[in-house]
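Asks: For reference, the file model.cif (mmCIF, C-alpha atoms) is included below:
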data_protein
loop_
_atom_site.group_PDB
_atom_site.id
_atom_site.type_symbol
_atom_site.label_atom_id
_atom_site.label_comp_id
_atom_site.auth_asym_id
_atom_site.auth_seq_id
_atom_site.Cartn_x
_atom_site.Cartn_y
_atom_site.Cartn_z
ATOM 1 C CA MET A 132 -13.688 12.308 -19.980
ATOM 2 C CA LYS A 133 -15.517 10.485 -17.171
ATOM 3 C CA ALA A 134 -16.339 7.649 -19.582
ATOM 4 C CA ASN A 135 -12.643 7.253 -20.460
ATOM 5 C CA LYS A 136 -11.734 7.197 -16.765
ATOM 6 C CA ARG A 137 -14.362 4.537 -16.086
ATOM 7 C CA ILE A 138 -13.189 2.356 -18.982
ATOM 8 C CA TYR A 139 -9.571 2.638 -17.851
ATOM 9 C CA GLU A 140 -10.319 1.882 -14.195
ATOM 10 C CA ARG A 141 -12.703 -1.021 -14.838
ATOM 11 C CA PHE A 142 -11.044 -2.780 -17.756
ATOM 12 C CA PHE A 143 -7.573 -1.739 -18.937
ATOM 13 C CA LYS A 144 -6.198 -1.090 -15.452
ATOM 14 C CA ARG A 145 -7.299 -4.521 -14.217
ATOM 15 C CA ILE A 146 -5.715 -6.279 -17.212
ATOM 16 C CA PHE A 147 -2.505 -4.265 -16.781
ATOM 17 C CA ASP A 148 -2.351 -5.031 -13.028
ATOM 18 C CA PHE A 149 -2.940 -8.757 -13.526
ATOM 19 C CA VAL A 150 -0.356 -9.187 -16.302
ATOM 20 C CA VAL A 151 2.335 -7.120 -14.574
ATOM 21 C CA SER A 152 1.799 -8.880 -11.230
ATOM 22 C CA VAL A 153 1.988 -12.379 -12.735
ATOM 23 C CA ILE A 154 5.197 -11.464 -14.566
ATOM 24 C CA ALA A 155 6.651 -9.854 -11.428
ATOM 25 C CA LEU A 156 5.878 -12.933 -9.312
ATOM 26 C CA ALA A 157 7.506 -15.202 -11.893
ATOM 27 C CA VAL A 158 10.637 -13.054 -12.184
ATOM 28 C CA LEU A 159 10.959 -12.368 -8.455
ATOM 29 C CA PHE A 160 10.126 -15.898 -7.285
ATOM 30 C CA PRO A 161 13.746 -16.921 -6.430
ATOM 31 C CA PHE A 162 14.253 -13.646 -4.530
ATOM 32 C CA LEU A 163 10.952 -13.998 -2.666
ATOM 33 C CA LEU A 164 11.847 -17.573 -1.763
ATOM 34 C CA VAL A 165 15.121 -16.365 -0.207
ATOM 35 C CA ILE A 166 13.201 -13.715 1.742
ATOM 36 C CA ALA A 167 10.810 -16.375 3.052
ATOM 37 C CA VAL A 168 13.714 -18.537 4.276
ATOM 38 C CA LEU A 169 15.423 -15.560 5.920
ATOM 39 C CA ILE A 170 12.235 -14.629 7.783
ATOM 40 C CA LYS A 171 12.018 -18.145 9.230
ATOM 41 C CA LEU A 172 15.671 -18.029 10.268
ATOM 42 C CA ASP A 173 15.445 -14.518 11.729
ATOM 43 C CA SER A 174 12.572 -15.087 14.179
ATOM 44 C CA SER A 175 9.900 -17.576 15.123
ATOM 45 C CA GLY A 176 6.493 -17.292 13.494
ATOM 46 C CA SER A 177 4.887 -17.484 10.081
ATOM 47 C CA ILE A 178 6.391 -16.165 6.858
ATOM 48 C CA PHE A 179 3.348 -14.111 5.996
ATOM 49 C CA TYR A 180 1.389 -11.669 8.080
ATOM 50 C CA MET A 181 -2.285 -11.596 7.052
ATOM 51 C CA GLN A 182 -4.741 -8.971 8.158
ATOM 52 C CA LYS A 183 -8.299 -8.020 7.242
ATOM 53 C CA ARG A 184 -8.542 -4.811 5.219
ATOM 54 C CA THR A 185 -11.285 -2.820 3.507
ATOM 55 C CA GLY A 186 -11.205 -2.746 -0.282
ATOM 56 C CA LYS A 187 -13.278 -1.533 -3.190
ATOM 57 C CA ASN A 188 -16.956 -0.976 -2.339
ATOM 58 C CA LEU A 189 -16.109 -1.692 1.324
ATOM 59 C CA LYS A 190 -15.413 -5.365 0.592
ATOM 60 C CA ILE A 191 -13.360 -6.985 3.368
ATOM 61 C CA PHE A 192 -10.391 -9.094 2.266
ATOM 62 C CA GLU A 193 -7.153 -10.458 3.729
ATOM 63 C CA VAL A 194 -4.033 -8.574 2.755
ATOM 64 C CA TYR A 195 -0.677 -10.387 2.567
ATOM 65 C CA LYS A 196 2.629 -9.068 3.841
ATOM 66 C CA PHE A 197 5.963 -10.653 4.592
ATOM 67 C CA ARG A 198 6.145 -10.644 8.400
ATOM 68 C CA THR A 199 8.379 -7.876 9.740
ATOM 69 C CA MET A 200 7.311 -7.817 13.401
ATOM 70 C CA ARG A 201 7.519 -10.281 16.221
ATOM 71 C CA THR A 202 4.602 -12.711 16.512
ATOM 72 C CA GLY A 203 1.690 -11.157 18.403
ATOM 73 C CA ALA A 204 3.034 -7.610 18.089
ATOM 74 C CA ASP A 205 -0.225 -6.386 16.534
ATOM 75 C CA ARG A 206 -1.980 -6.891 19.901
ATOM 76 C CA PHE A 207 -0.228 -3.748 21.107
ATOM 77 C CA GLN A 208 -1.000 -1.647 18.020
ATOM 78 C CA GLN A 209 -3.276 1.336 18.548
ATOM 79 C CA VAL A 210 -5.841 2.181 15.855
ATOM 80 C CA GLY A 211 -4.739 5.205 13.840
ATOM 81 C CA VAL A 212 -1.108 5.096 15.038
ATOM 82 C CA GLU A 213 1.505 4.433 12.358
ATOM 83 C CA VAL A 214 4.264 1.907 13.013
ATOM 84 C CA MET A 215 7.496 3.891 12.844
ATOM 85 C CA LYS A 216 10.851 2.471 11.756
ATOM 86 C CA ASN A 217 12.328 2.614 15.290
ATOM 87 C CA ASP A 218 9.521 0.453 16.752
ATOM 88 C CA ASN A 219 11.195 -2.245 18.895
ATOM 89 C CA ARG A 220 8.577 -4.804 17.809
ATOM 90 C CA ILE A 221 10.136 -4.884 14.340
ATOM 91 C CA THR A 222 12.593 -7.740 13.775
ATOM 92 C CA SER A 223 16.158 -7.177 12.580
ATOM 93 C CA LEU A 224 15.308 -8.436 9.105
ATOM 94 C CA GLY A 225 11.985 -6.602 9.251
ATOM 95 C CA LYS A 226 13.769 -3.227 9.361
ATOM 96 C CA PHE A 227 15.475 -4.048 6.079
ATOM 97 C CA LEU A 228 12.281 -5.356 4.494
ATOM 98 C CA ARG A 229 10.354 -2.240 5.514
ATOM 99 C CA ARG A 230 13.076 0.166 4.393
ATOM 100 C CA PHE A 231 12.989 -1.198 0.862
ATOM 101 C CA LYS A 232 9.232 -1.988 0.872
ATOM 102 C CA ILE A 233 9.995 -5.669 0.263
ATOM 103 C CA ASP A 234 7.378 -6.758 2.806
ATOM 104 C CA GLU A 235 4.694 -5.268 0.539
ATOM 105 C CA LEU A 236 5.682 -7.480 -2.423
ATOM 106 C CA ALA A 237 3.531 -10.269 -0.998
ATOM 107 C CA GLN A 238 0.563 -8.128 -2.042
ATOM 108 C CA LEU A 239 1.252 -9.052 -5.651
ATOM 109 C CA LEU A 240 -0.836 -12.103 -4.708
ATOM 110 C CA ASN A 241 -3.696 -9.792 -3.705
ATOM 111 C CA ILE A 242 -3.421 -8.041 -7.060
ATOM 112 C CA VAL A 243 -3.577 -11.322 -8.978
ATOM 113 C CA LYS A 244 -6.658 -12.302 -6.951
ATOM 114 C CA GLY A 245 -8.334 -9.003 -7.840
ATOM 115 C CA ASP A 246 -8.528 -7.577 -4.313
ATOM 116 C CA MET A 247 -5.938 -4.896 -5.053
ATOM 117 C CA ALA A 248 -4.326 -2.889 -7.840
ATOM 118 C CA ILE A 249 -0.748 -1.765 -8.357
ATOM 119 C CA VAL A 250 -1.777 1.863 -7.795
ATOM 120 C CA GLY A 251 -4.634 3.048 -5.584
ATOM 121 C CA PRO A 252 -5.410 4.170 -2.030
ATOM 122 C CA ARG A 253 -3.719 1.902 0.500
ATOM 123 C CA PRO A 254 -6.087 -0.708 1.996
ATOM 124 C CA THR A 255 -7.308 0.392 5.410
ATOM 125 C CA LEU A 256 -8.277 -1.532 8.528
ATOM 126 C CA PRO A 257 -12.055 -2.112 8.927
ATOM 127 C CA GLU A 258 -11.975 -0.507 12.388
ATOM 128 C CA TYR A 259 -10.891 2.792 10.768
ATOM 129 C CA LEU A 260 -14.180 3.113 8.857
ATOM 130 C CA ASP A 261 -16.016 4.930 11.654
ATOM 131 C CA GLN A 262 -13.367 7.657 11.542
ATOM 132 C CA TYR A 263 -13.970 8.534 7.888
ATOM 133 C CA GLU A 264 -16.216 11.399 6.855
ATOM 134 C CA GLU A 265 -18.463 10.868 3.841
ATOM 135 C CA TRP A 266 -16.149 12.654 1.411
ATOM 136 C CA GLU A 267 -13.261 10.426 2.483
ATOM 137 C CA LYS A 268 -15.219 7.268 1.664
ATOM 138 C CA ARG A 269 -14.771 7.985 -2.049
ATOM 139 C CA ARG A 270 -11.414 6.250 -1.665
ATOM 140 C CA PHE A 271 -13.356 2.971 -1.638
ATOM 141 C CA GLU A 272 -14.651 3.516 -5.188
ATOM 142 C CA VAL A 273 -11.492 1.919 -6.611
ATOM 143 C CA ARG A 274 -9.334 -1.078 -5.693
ATOM 144 C CA PRO A 275 -6.739 -0.319 -3.004
ATOM 145 C CA GLY A 276 -3.168 -0.226 -4.253
ATOM 146 C CA LEU A 277 0.319 -1.514 -3.556
ATOM 147 C CA THR A 278 1.311 2.153 -3.766
ATOM 148 C CA GLY A 279 -0.683 5.322 -4.176
ATOM 149 C CA LEU A 280 -0.727 9.092 -4.538
ATOM 150 C CA ALA A 281 -0.617 9.603 -0.756
ATOM 151 C CA GLN A 282 2.328 7.195 -0.462
ATOM 152 C CA VAL A 283 4.475 9.263 -2.845
ATOM 153 C CA ASN A 284 3.474 12.536 -1.188
ATOM 154 C CA GLY A 285 4.410 11.982 2.430
ATOM 155 C CA ASN A 286 2.962 8.603 3.447
ATOM 156 C CA ILE A 287 3.465 8.087 7.209
ATOM 157 C CA TYR A 288 4.320 11.778 7.627
ATOM 158 C CA LEU A 289 0.780 12.779 6.618
ATOM 159 C CA GLU A 290 -2.278 13.086 8.816
ATOM 160 C CA ARG A 291 -5.188 10.800 7.913
ATOM 161 C CA LYS A 292 -7.249 13.523 6.247
ATOM 162 C CA GLU A 293 -4.243 14.612 4.191
ATOM 163 C CA LYS A 294 -3.926 11.046 2.942
ATOM 164 C CA SER A 295 -7.646 10.989 2.181
ATOM 165 C CA ARG A 296 -7.372 14.178 0.103
ATOM 166 C CA TYR A 297 -4.707 12.527 -2.025
ATOM 167 C CA ASP A 298 -6.785 9.343 -2.241
ATOM 168 C CA VAL A 299 -9.892 11.219 -3.396
ATOM 169 C CA GLU A 300 -7.808 13.216 -5.868
ATOM 170 C CA TYR A 301 -6.595 9.934 -7.309
ATOM 171 C CA VAL A 302 -10.138 8.549 -7.570
ATOM 172 C CA GLU A 303 -11.298 11.672 -9.394
ATOM 173 C CA HIS A 304 -8.431 11.753 -11.888
ATOM 174 C CA VAL A 305 -7.284 8.132 -12.255
ATOM 175 C CA ASN A 306 -5.585 7.556 -15.608
ATOM 176 C CA LEU A 307 -2.661 5.649 -17.098
ATOM 177 C CA TRP A 308 -0.223 8.583 -17.013
ATOM 178 C CA MET A 309 -0.952 9.233 -13.329
ATOM 179 C CA ASP A 310 -0.381 5.545 -12.532
ATOM 180 C CA ILE A 311 2.941 5.532 -14.395
ATOM 181 C CA LYS A 312 4.159 8.648 -12.555
ATOM 182 C CA ILE A 313 3.209 7.159 -9.180
ATOM 183 C CA ILE A 314 4.989 3.874 -10.002
ATOM 184 C CA LEU A 315 8.165 5.694 -11.089
ATOM 185 C CA LYS A 316 8.157 7.910 -7.999
ATOM 186 C CA THR A 317 7.609 4.831 -5.814
ATOM 187 C CA VAL A 318 10.738 3.247 -7.319
ATOM 188 C CA ALA A 319 12.699 6.425 -6.527
ATOM 189 C CA ILE A 320 11.420 6.404 -2.928
ATOM 190 C CA VAL A 321 12.386 2.735 -2.502
ATOM 191 C CA ILE A 322 15.903 3.470 -3.739
ATOM 192 C CA PHE A 323 16.593 6.748 -1.968
ATOM 193 C CA GLY A 324 14.248 6.548 1.046
ATOM 194 C CA GLU A 325 11.110 8.480 1.948
ATOM 195 C CA GLU A 326 13.025 11.093 3.901
ATOM 196 C CA LYS A 327 14.633 12.362 0.674
ATOM 197 C CA PHE A 328 11.184 13.285 -0.646
ATOM 198 C CA ILE A 329 9.763 14.965 2.451
ATOM 199 C CA ASN A 330 9.870 18.716 2.964
ATOM 200 C CA LYS A 331 9.530 20.547 6.282
ATOM 201 C CA LYS A 332 5.741 20.520 6.095
ATOM 202 C CA GLY A 333 5.651 16.733 5.794
ATOM 203 C CA ARG A 334 4.869 16.698 2.086
ATOM 204 C CA SER A 335 7.022 15.490 -0.773
ATOM 205 C CA GLU A 336 9.026 17.979 -2.813
#
Starting from the file, give its structure as structure tokens.
Replies:
Amino acid sequence: MKANKRIYERFFKRIFDFVVSVIALAVLFPFLLVIAVLIKLDSSGSIFYMQKRTGKNLKIFEVYKFRTMRTGADRFQQVGVEVMKNDNRITSLGKFLRRFKIDELAQLLNIVKGDMAIVGPRPTLPEYLDQYEEWEKRRFEVRPGLTGLAQVNGNIYLERKEKSRYDVEYVEHVNLWMDIKIILKTVAIVIFGEEKFINKKGRSE
């Protein structure tokens, strides 16, 4: 069983991620081009927001996002504090991009480069590393993902250790069927909104 998991994670998953991402970039290119133009028209600053993140085996890489906040807004961001949708640093267009997760589509480039996968623990900031306990660091055994098990089970409504439990669960059981279920649930969340999938305890139904 462990051998099958290792083969899937190291070989098939990487091929699948690369092929799907290249196709997605080709198909979505006109749409992404429109988004880039709208970002430039909406506010001053660059199209992309790039930030150092920690990936597989603690490798540091630059993650790409379409910019959704005003230039320099990250200077006022506290470590460990999630950016909520009512944050006044978010641009008018940025609210739309965040609601439908469009800002994350730039990370298809990270997937093609091999820094990320379609499914996996979300890439974390290097300055968060000191906060992780040893058991949580298992999340760095696989490539970080565009979406992940924690993201379809509460995401910003979860405490860090809750996210880590989902991340470690994913690492321990990664397989094709799990990836497909996470992708399908991510699509549902994008369409209907995260709030529709959150129960009173902050977890998805």
Asks: Can you list what the PyMOL selection byres ((chain A and resi 269-274) around 6) grabs from this structure, as a ChimeraX atom specification?
Replies: /A:186-188,247-248,266-268,275,298-299
Asks: Which residues of region 221-277 of chain A sit at most 12 Å from region 281-288 of chain A, using only C-alpha atoms? Give each one's shortest atom pair and distance in Å (one decimal place), in chain and ascending residue order, as a tab-separated table.
Replies:
residue	atom	partner	partner_atom	distance
A:Lys232	CA	A:Gln282	CA	11.6
A:Val250	CA	A:Gln282	CA	10.0
A:Gly251	CA	A:Ala281	CA	9.1
A:Pro252	CA	A:Ala281	CA	7.4
A:Arg253	CA	A:Gln282	CA	8.1
A:Pro254	CA	A:Gln282	CA	11.8
A:Arg270	CA	A:Ala281	CA	11.3
A:Pro275	CA	A:Ala281	CA	11.9
A:Gly276	CA	A:Gln282	CA	10.0
A:Leu277	CA	A:Gln282	CA	9.5
Asks: Choose the residue, out of A:Leu172, A:Leu164, A:Leu280, A:Ala157, that has the smallest atom-to-atom separation from Thr317 (chain A); count all atoms listed in the file.
Replies: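 Between A:Leu172, A:Leu164, A:Leu280, A:Ala157, the residue approaching Thr317 (chain A) most closely is A:Leu280.
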Asks: Neighbours of Lys312 (chain A) within 12 Å (only C-alpha atoms; same-chain residues fewer than 3 positions away dropped), as a list in words?
Replies: Val250, Thr278, Gly279, Leu280, Val283, Val305, Asn306, Leu307, Trp308, Met309, Leu315, Lys316, Thr317, Val318 and Ala319 of chain A
Asks: Could you write out as a VMD selection string the residues that the PyMOL selection byres ((chain A and resi 180) around 7) matches in the shown file?
Replies: chain A and resid 178 to 179 181 to 182 195 to 198
Asks: Now that the selection is made, can you save its residues with C-alpha atoms as an mmCIF file, in the coordinates of the input?
Replies:
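Result saved to again27.cif:
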data_model
loop_
_atom_site.group_PDB
_atom_site.id
_atom_site.type_symbol
_atom_site.label_atom_id
_atom_site.label_comp_id
_atom_site.auth_asym_id
_atom_site.auth_seq_id
_atom_site.Cartn_x
_atom_site.Cartn_y
_atom_site.Cartn_z
ATOM 1 C CA ILE A 178 6.391 -16.165 6.858
ATOM 2 C CA PHE A 179 3.348 -14.111 5.996
ATOM 3 C CA MET A 181 -2.285 -11.596 7.052
ATOM 4 C CA GLN A 182 -4.741 -8.971 8.158
ATOM 5 C CA TYR A 195 -0.677 -10.387 2.567
ATOM 6 C CA LYS A 196 2.629 -9.068 3.841
ATOM 7 C CA PHE A 197 5.963 -10.653 4.592
ATOM 8 C CA ARG A 198 6.145 -10.644 8.400
#
Asks: Any idea what the distance is between CA of Ile249 (chain A) and CA of Ile191 (chain A)?
Replies: 18.0 Å
Asks: Nearest to Phe231 (chain A) among A:Phe323, A:Asp148, A:Ile313, A:Arg201, with distances taken over all atoms listed in the file: which residue is it?
Replies: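 Smallest separation from Phe231 (chain A) among the options: A:Phe323.
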Asks: Decode the PyMOL selection byres ((chain A and resi 230) around 12) for the given file into explicit residues and return them as a ChimeraX atom specification.
Replies: /A:199,215-217,221,223-229,231-235,320-326
Asks: Could you take the residues named above and write them with C-alpha atoms, as a PDB file, keeping the file's coordinate frame?
Replies:
ATOM      1  CA  THR A 199       8.379  -7.876   9.740  1.00  0.00           C
ATOM      2  CA  MET A 215       7.496   3.891  12.844  1.00  0.00           C
ATOM      3  CA  LYS A 216      10.851   2.471  11.756  1.00  0.00           C
ATOM      4  CA  ASN A 217      12.328   2.614  15.290  1.00  0.00           C
ATOM      5  CA  ILE A 221      10.136  -4.884  14.340  1.00  0.00           C
ATOM      6  CA  SER A 223      16.158  -7.177  12.580  1.00  0.00           C
ATOM      7  CA  LEU A 224      15.308  -8.436   9.105  1.00  0.00           C
ATOM      8  CA  GLY A 225      11.985  -6.602   9.251  1.00  0.00           C
ATOM      9  CA  LYS A 226      13.769  -3.227   9.361  1.00  0.00           C
ATOM     10  CA  PHE A 227      15.475  -4.048   6.079  1.00  0.00           C
ATOM     11  CA  LEU A 228      12.281  -5.356   4.494  1.00  0.00           C
ATOM     12  CA  ARG A 229      10.354  -2.240   5.514  1.00  0.00           C
ATOM     13  CA  PHE A 231      12.989  -1.198   0.862  1.00  0.00           C
ATOM     14  CA  LYS A 232       9.232  -1.988   0.872  1.00  0.00           C
ATOM     15  CA  ILE A 233       9.995  -5.669   0.263  1.00  0.00           C
ATOM     16  CA  ASP A 234       7.378  -6.758   2.806  1.00  0.00           C
ATOM     17  CA  GLU A 235       4.694  -5.268   0.539  1.00  0.00           C
ATOM     18  CA  ILE A 320      11.420   6.404  -2.928  1.00  0.00           C
ATOM     19  CA  VAL A 321      12.386   2.735  -2.502  1.00  0.00           C
ATOM     20  CA  ILE A 322      15.903   3.470  -3.739  1.00  0.00           C
ATOM     21  CA  PHE A 323      16.593   6.748  -1.968  1.00  0.00           C
ATOM     22  CA  GLY A 324      14.248   6.548   1.046  1.00  0.00           C
ATOM     23  CA  GLU A 325      11.110   8.480   1.948  1.00  0.00           C
ATOM     24  CA  GLU A 326      13.025  11.093   3.901  1.00  0.00           C
TER      25      GLU A 326
END
Asks: Can you work out which one of A:Thr255, A:Ser174, A:Asn241, A:Ser295 has the shortest atom-to-atom distance to Arg220 (chain A), counting all atoms listed in the file?
Replies: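 So, comparing all the options, the nearest one is A:Ser174.
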Asks: Could you state the separation of CA of Gln238 (chain A) and CA of Ile146 (chain A) in Å, given to one decimal place?
Replies: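 A separation of 16.5 Å between them.
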Asks: Extract, using all atoms listed in the file, all DNA, RNA and protein residues at most 6 Å from Leu239 (chain A), discarding same-chain residues fewer than 3 positions from it, and format them as a list in words.
Replies: Ser152, Leu236 and Ile242 of chain A
Asks: Measure the distance from CA of Ser175 (chain A) to CA of Thr202 (chain A) in Å and round it to one decimal.
Replies: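 Spanning CA of Ser175 (chain A) to CA of Thr202 (chain A) is a straight-line distance of 7.3 Å.
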